[in-house]
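This report refers to the structure that appears directly beneath it.
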Amino acid sequence: MGFTDKTINELINTQFECSCGRTHIANIENIAIGPGAIEKLPEFLETQKLADGRIFDKNKDLIFIVSDVNTEKAAGADVTKRLEAGGFKIAKYVLPHPQMHSEEQFVDEINDHLPEEVQLLIAVGSGSVNDMTRFVSFKKGVPYYIVGTAPSMDGYASNVSPIVHNNLKITYPAHCAAAIIGDTDYLATAPMHMIAAGLGDVLGKYLAISDWKLSQIINGEYCCPEVCELVLYSVEKCVATIDDLKARDPQALTYLIESLVLIGIAMSFIGNSRPASSSEHHISHFLEMKAIQSGEYGELHGTDVGMATCMIGQMYDEFLENGIDYDKAREHAKAFDHDTWVSEIKRCFGPGATEVIKLYETARQNDSDEVLRRITAIEANEDAVLDQIRSVRQDLAKCPVLLEELGGLTDPSSYPFSAGEMTDIITYAKDLRNRYGTLQVFYDLGVLEPLAADTADRYMKK
Ligand SMILES: [Zn+2]
Ligand SMILES: [Zn+2]
């Protein structure tokens, strides 16, 4: 088999019996990417199956378009005009906020404007607008489409919605978009820092895939080689066209948005975010949490991911230079004290600590027995572990160079944190999710704290 010779439309709505022993499927009905992709919208709508089993009827069924002040300018107004000209019945709401997180109050705002008889929603946007419209349409029990306005993140094909409630981000189950439209004529108008953010989220896949492979070696975790190959293949296509991306060339933008959508398909294939998200995302989640708690907007998700990917690349340099001391690692593992850890988590996560402490009950990531077992596994498979690390290190070394091409962030020096705070972020980010990755490998080998402190000292003001 092999997914890399298939087009993006051949990968959706088809069941694949994979060489990994599992069956993979992504339930997205339609995808259109490229120049003029928006012209496909009427065709998608007129064949769209509705919640009650009927096919969408443009003379009868109401569409509700959600955008914000920026995405309305970039695409919303044009989409509205096209649908009106095509004789579709539409209602719409433009969120009047120039910057927003996906937040409960804005979800309520959309719901307040949602007509009772609506049959389909269209999200015009990328981040928050998309997350909130997905959630609202899911609750309403009607399908939704995305018209992308920026190639800035990998959540296009996602089936969950993160929503901030009382300064905490909660991820709610939702559904996938029925159709995804990535028209490069709209995407080309996105600010360069959003395009750089998209590249950052894509480059993070080098580490996410490597961490998945490491966990297979160390923990025997299931890992699909075909999905790994598909994800890395789409990353390389973006990397190869970086100069054109800088010039907003439609083909390069097509590769970037395709890659971001493909990563969503890879997540659907596996049933969770394993192929797309590991230590680099744990750091980005922590950075985002900090921003939300302090009432700031922070950096874009993909900007955080790209920066964290570069930073972990640097940490690998130091790690490889120092080598592994298994005796020290075992001493460090035995010295773990749960009560001390709990007070550290409370200090670092503030109101978010409760959930992190609760997660420990299932993850038990730092329990001495578990860590000692993993140290033994690393020692027994040292060649394979180090080969994987050396290989990803080469990929990670490319990331700062590529991001700099687009003016993206490659280190944390511009973030509003002291060296101490940055040390905490790197040290405790892994405890936010139950997923084995590089930061936990560093912890297991007893070097996470010093690597975090060195990294923070290198970049942050005292
Ligand atoms: Zn597979
Ligand atoms: Zn991401």
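Each chain of the structure tokens is named A, B, ... in the order shown, its residues numbered from 1; ligands are numbered from 1 in display order.
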Identify, on the basis of only C-alpha atoms, every residue whose closest approach to Tyr156 in chain A does not exceed 12 Å; exclude the query and any residue fewer than 4 positions from it along the same chain; express the result as a PyMOL selection string. chain A and resi 28+31+123-131+133-134+144-152+160-161+175-182+198+257-268
Set out as CSV a contact list for range 210-291 of chain A and range 417-440 of chain A with a cut-off of 6 Å, giving each residue of range 210-291 of chain A that qualifies its closest atom pair and distance in Å to one decimal, counting only C-alpha atoms, ordered by chain and rising residue number.
residue,atom,partner,partner_atom,distance
A:Asp211,CA,A:Gly437,CA,4.8
A:Ser278,CA,A:Gly437,CA,5.8
A:Ser279,CA,A:Gly437,CA,5.5
A:His282,CA,A:Ala429,CA,5.2
A:Ile283,CA,A:Ala429,CA,5.2
A:Phe286,CA,A:Ala429,CA,5.9
Residues within 9 Å of ligand 1, counting only C-alpha atoms and all ligand atoms: report them as a PyMOL selection string. chain A and resi 16-24+223-228+269-270
Within 7 Å of ligand 2, counting only C-alpha atoms and all ligand atoms, which protein or nucleic acid residues do you find, written as a PyMOL selection string? chain A and resi 153-155+201+276-277+281+301-302+305
Taking the DSSP assignment computed from this structure's backbone, write out as JSON, numbers by chain all residues of range 186-362 of chain A that belong to helix (DSSP H, G or I). {"A": [186, 187, 192, 193, 194, 195, 196, 197, 198, 199, 200, 201, 202, 203, 204, 205, 206, 207, 208, 209, 210, 211, 212, 213, 214, 215, 216, 217, 218, 219, 225, 226, 227, 228, 229, 230, 231, 232, 233, 234, 235, 236, 237, 238, 239, 240, 242, 243, 244, 245, 246, 250, 251, 252, 253, 254, 255, 256, 257, 258, 259, 260, 261, 262, 263, 264, 265, 266, 267, 268, 269, 270, 279, 280, 281, 282, 283, 284, 285, 286, 287, 288, 289, 290, 291, 292, 293, 301, 302, 303, 304, 305, 306, 307, 308, 309, 310, 311, 312, 313, 314, 315, 316, 317, 318, 319, 320, 321, 322, 326, 327, 328, 329, 330, 331, 332, 333, 334, 338, 339, 340, 341, 342, 343, 344, 345, 346, 347, 348, 349, 350, 351, 352, 353, 354, 355, 356, 357, 358, 359, 360, 361, 362]}
Please identify all polymer residues within 7 Å of Met460 in chain A, counting only C-alpha atoms, omitting same-chain residues fewer than 2 positions from it, and present them as an mmCIF file with all heavy atoms, in the first residue's frame.
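This went into part16.cif:
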data_model
loop_
_atom_site.group_PDB
_atom_site.id
_atom_site.type_symbol
_atom_site.label_atom_id
_atom_site.label_comp_id
_atom_site.auth_asym_id
_atom_site.auth_seq_id
_atom_site.Cartn_x
_atom_site.Cartn_y
_atom_site.Cartn_z
ATOM 1 N N SER A 413 13.216 34.125 23.198
ATOM 2 C CA SER A 413 13.697 35.360 23.832
ATOM 3 C C SER A 413 12.675 36.502 23.839
ATOM 4 O O SER A 413 12.728 37.373 24.697
ATOM 5 C CB SER A 413 15.002 35.810 23.176
ATOM 6 O OG SER A 413 14.824 35.927 21.790
ATOM 7 N N SER A 418 10.519 35.298 32.583
ATOM 8 C CA SER A 418 11.875 35.276 33.149
ATOM 9 C C SER A 418 12.504 33.919 32.836
ATOM 10 O O SER A 418 11.806 32.984 32.412
ATOM 11 C CB SER A 418 11.807 35.468 34.663
ATOM 12 O OG SER A 418 11.184 34.331 35.247
ATOM 13 N N ALA A 419 13.815 33.816 33.090
ATOM 14 C CA ALA A 419 14.495 32.525 32.882
ATOM 15 C C ALA A 419 13.879 31.453 33.777
ATOM 16 O O ALA A 419 13.710 30.302 33.359
ATOM 17 C CB ALA A 419 15.987 32.679 33.167
ATOM 18 N N ALA A 456 16.747 27.996 29.118
ATOM 19 C CA ALA A 456 16.141 29.253 29.572
ATOM 20 C C ALA A 456 17.212 30.322 29.786
ATOM 21 O O ALA A 456 17.040 31.479 29.394
ATOM 22 C CB ALA A 456 15.352 29.017 30.856
ATOM 23 N N ASP A 457 18.345 29.935 30.394
ATOM 24 C CA ASP A 457 19.421 30.902 30.634
ATOM 25 C C ASP A 457 19.982 31.456 29.340
ATOM 26 O O ASP A 457 20.402 32.610 29.267
ATOM 27 C CB ASP A 457 20.564 30.234 31.438
ATOM 28 C CG ASP A 457 20.211 30.144 32.904
ATOM 29 O OD1 ASP A 457 19.259 30.854 33.315
ATOM 30 O OD2 ASP A 457 20.851 29.364 33.618
ATOM 31 N N ARG A 458 20.015 30.589 28.322
ATOM 32 C CA ARG A 458 20.593 31.010 27.036
ATOM 33 C C ARG A 458 19.760 32.138 26.414
ATOM 34 O O ARG A 458 20.297 33.032 25.780
ATOM 35 C CB ARG A 458 20.666 29.806 26.100
ATOM 36 C CG ARG A 458 21.427 30.070 24.813
ATOM 37 C CD ARG A 458 21.558 28.798 23.981
ATOM 38 N NE ARG A 458 22.093 27.683 24.732
ATOM 39 C CZ ARG A 458 21.585 26.449 24.730
ATOM 40 N NH1 ARG A 458 20.518 26.177 24.018
ATOM 41 N NH2 ARG A 458 22.146 25.488 25.425
ATOM 42 N N LYS A 462 17.339 37.547 32.951
ATOM 43 C CA LYS A 462 17.296 36.989 34.305
ATOM 44 C C LYS A 462 16.051 37.465 35.056
ATOM 45 O O LYS A 462 15.564 38.548 34.859
ATOM 46 C CB LYS A 462 18.546 37.391 35.084
ATOM 47 C CG LYS A 462 19.810 36.774 34.518
ATOM 48 C CD LYS A 462 19.897 35.278 34.856
ATOM 49 C CE LYS A 462 21.003 34.568 34.117
ATOM 50 N NZ LYS A 462 20.846 34.390 32.687
#
Pick the closest to Asp317 in chain A from A:Glu236, A:Asp304, A:Asp454, A:Glu221: which is it, counting only C-alpha atoms?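 Under the stated criterion, the closest residue is A:Asp454.
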Step one, run DSSP on the backbone; step two, keep only residues of range 23-244 of chain A assigned to strand (DSSP E); then write them as an MDAnalysis selection string. chainID A and resid 23:24 30:34 62:68 89:95 118:124 144:147 160:165 168:173 179:183
Measuring atom to atom with only C-alpha atoms, identify which of A:Thr410, A:Thr254, A:Gln388, A:Gln48 is nearest to Trp212 in chain A. A:Gln388
Residues near Asp108 in chain A, cut-off 12 Å, only C-alpha atoms, skip fewer than 3 positions along chain, as a list in words: Leu95, Ser102, Glu103, Glu104, Gln105, Asn111, Asp112, His113, Leu114, Met132, Thr133, Phe135, Val136, Lys139, Ile163 and His165 of chain A
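Atom pair CA of Ile218 in chain A / CA of Ala377 in chain A: separated by 5.5 Å.
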Which is closer to Trp341 in chain A than all the others in A:Asn366, A:Arg390, A:Met192, A:Pro275, using only C-alpha atoms? A:Asn366
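CA of Cys238 in chain A lies 26.9 Å from CA of Gly76 in chain A.
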Pairwise distance for CA of Ala77 in chain A and CA of Gly200 in chain A, rounded to one decimal in Å: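 Going from CA of Ala77 in chain A over to CA of Gly200 in chain A, I get 28.9 Å.
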Selected residue, from A:Cys348, A:Ala157, A:Leu300, A:Ile375, that lies nearest to Asn219 in chain A when counting only C-alpha atoms: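 Checking each candidate against Asn219 in chain A, we get A:Ile375 as the closest.
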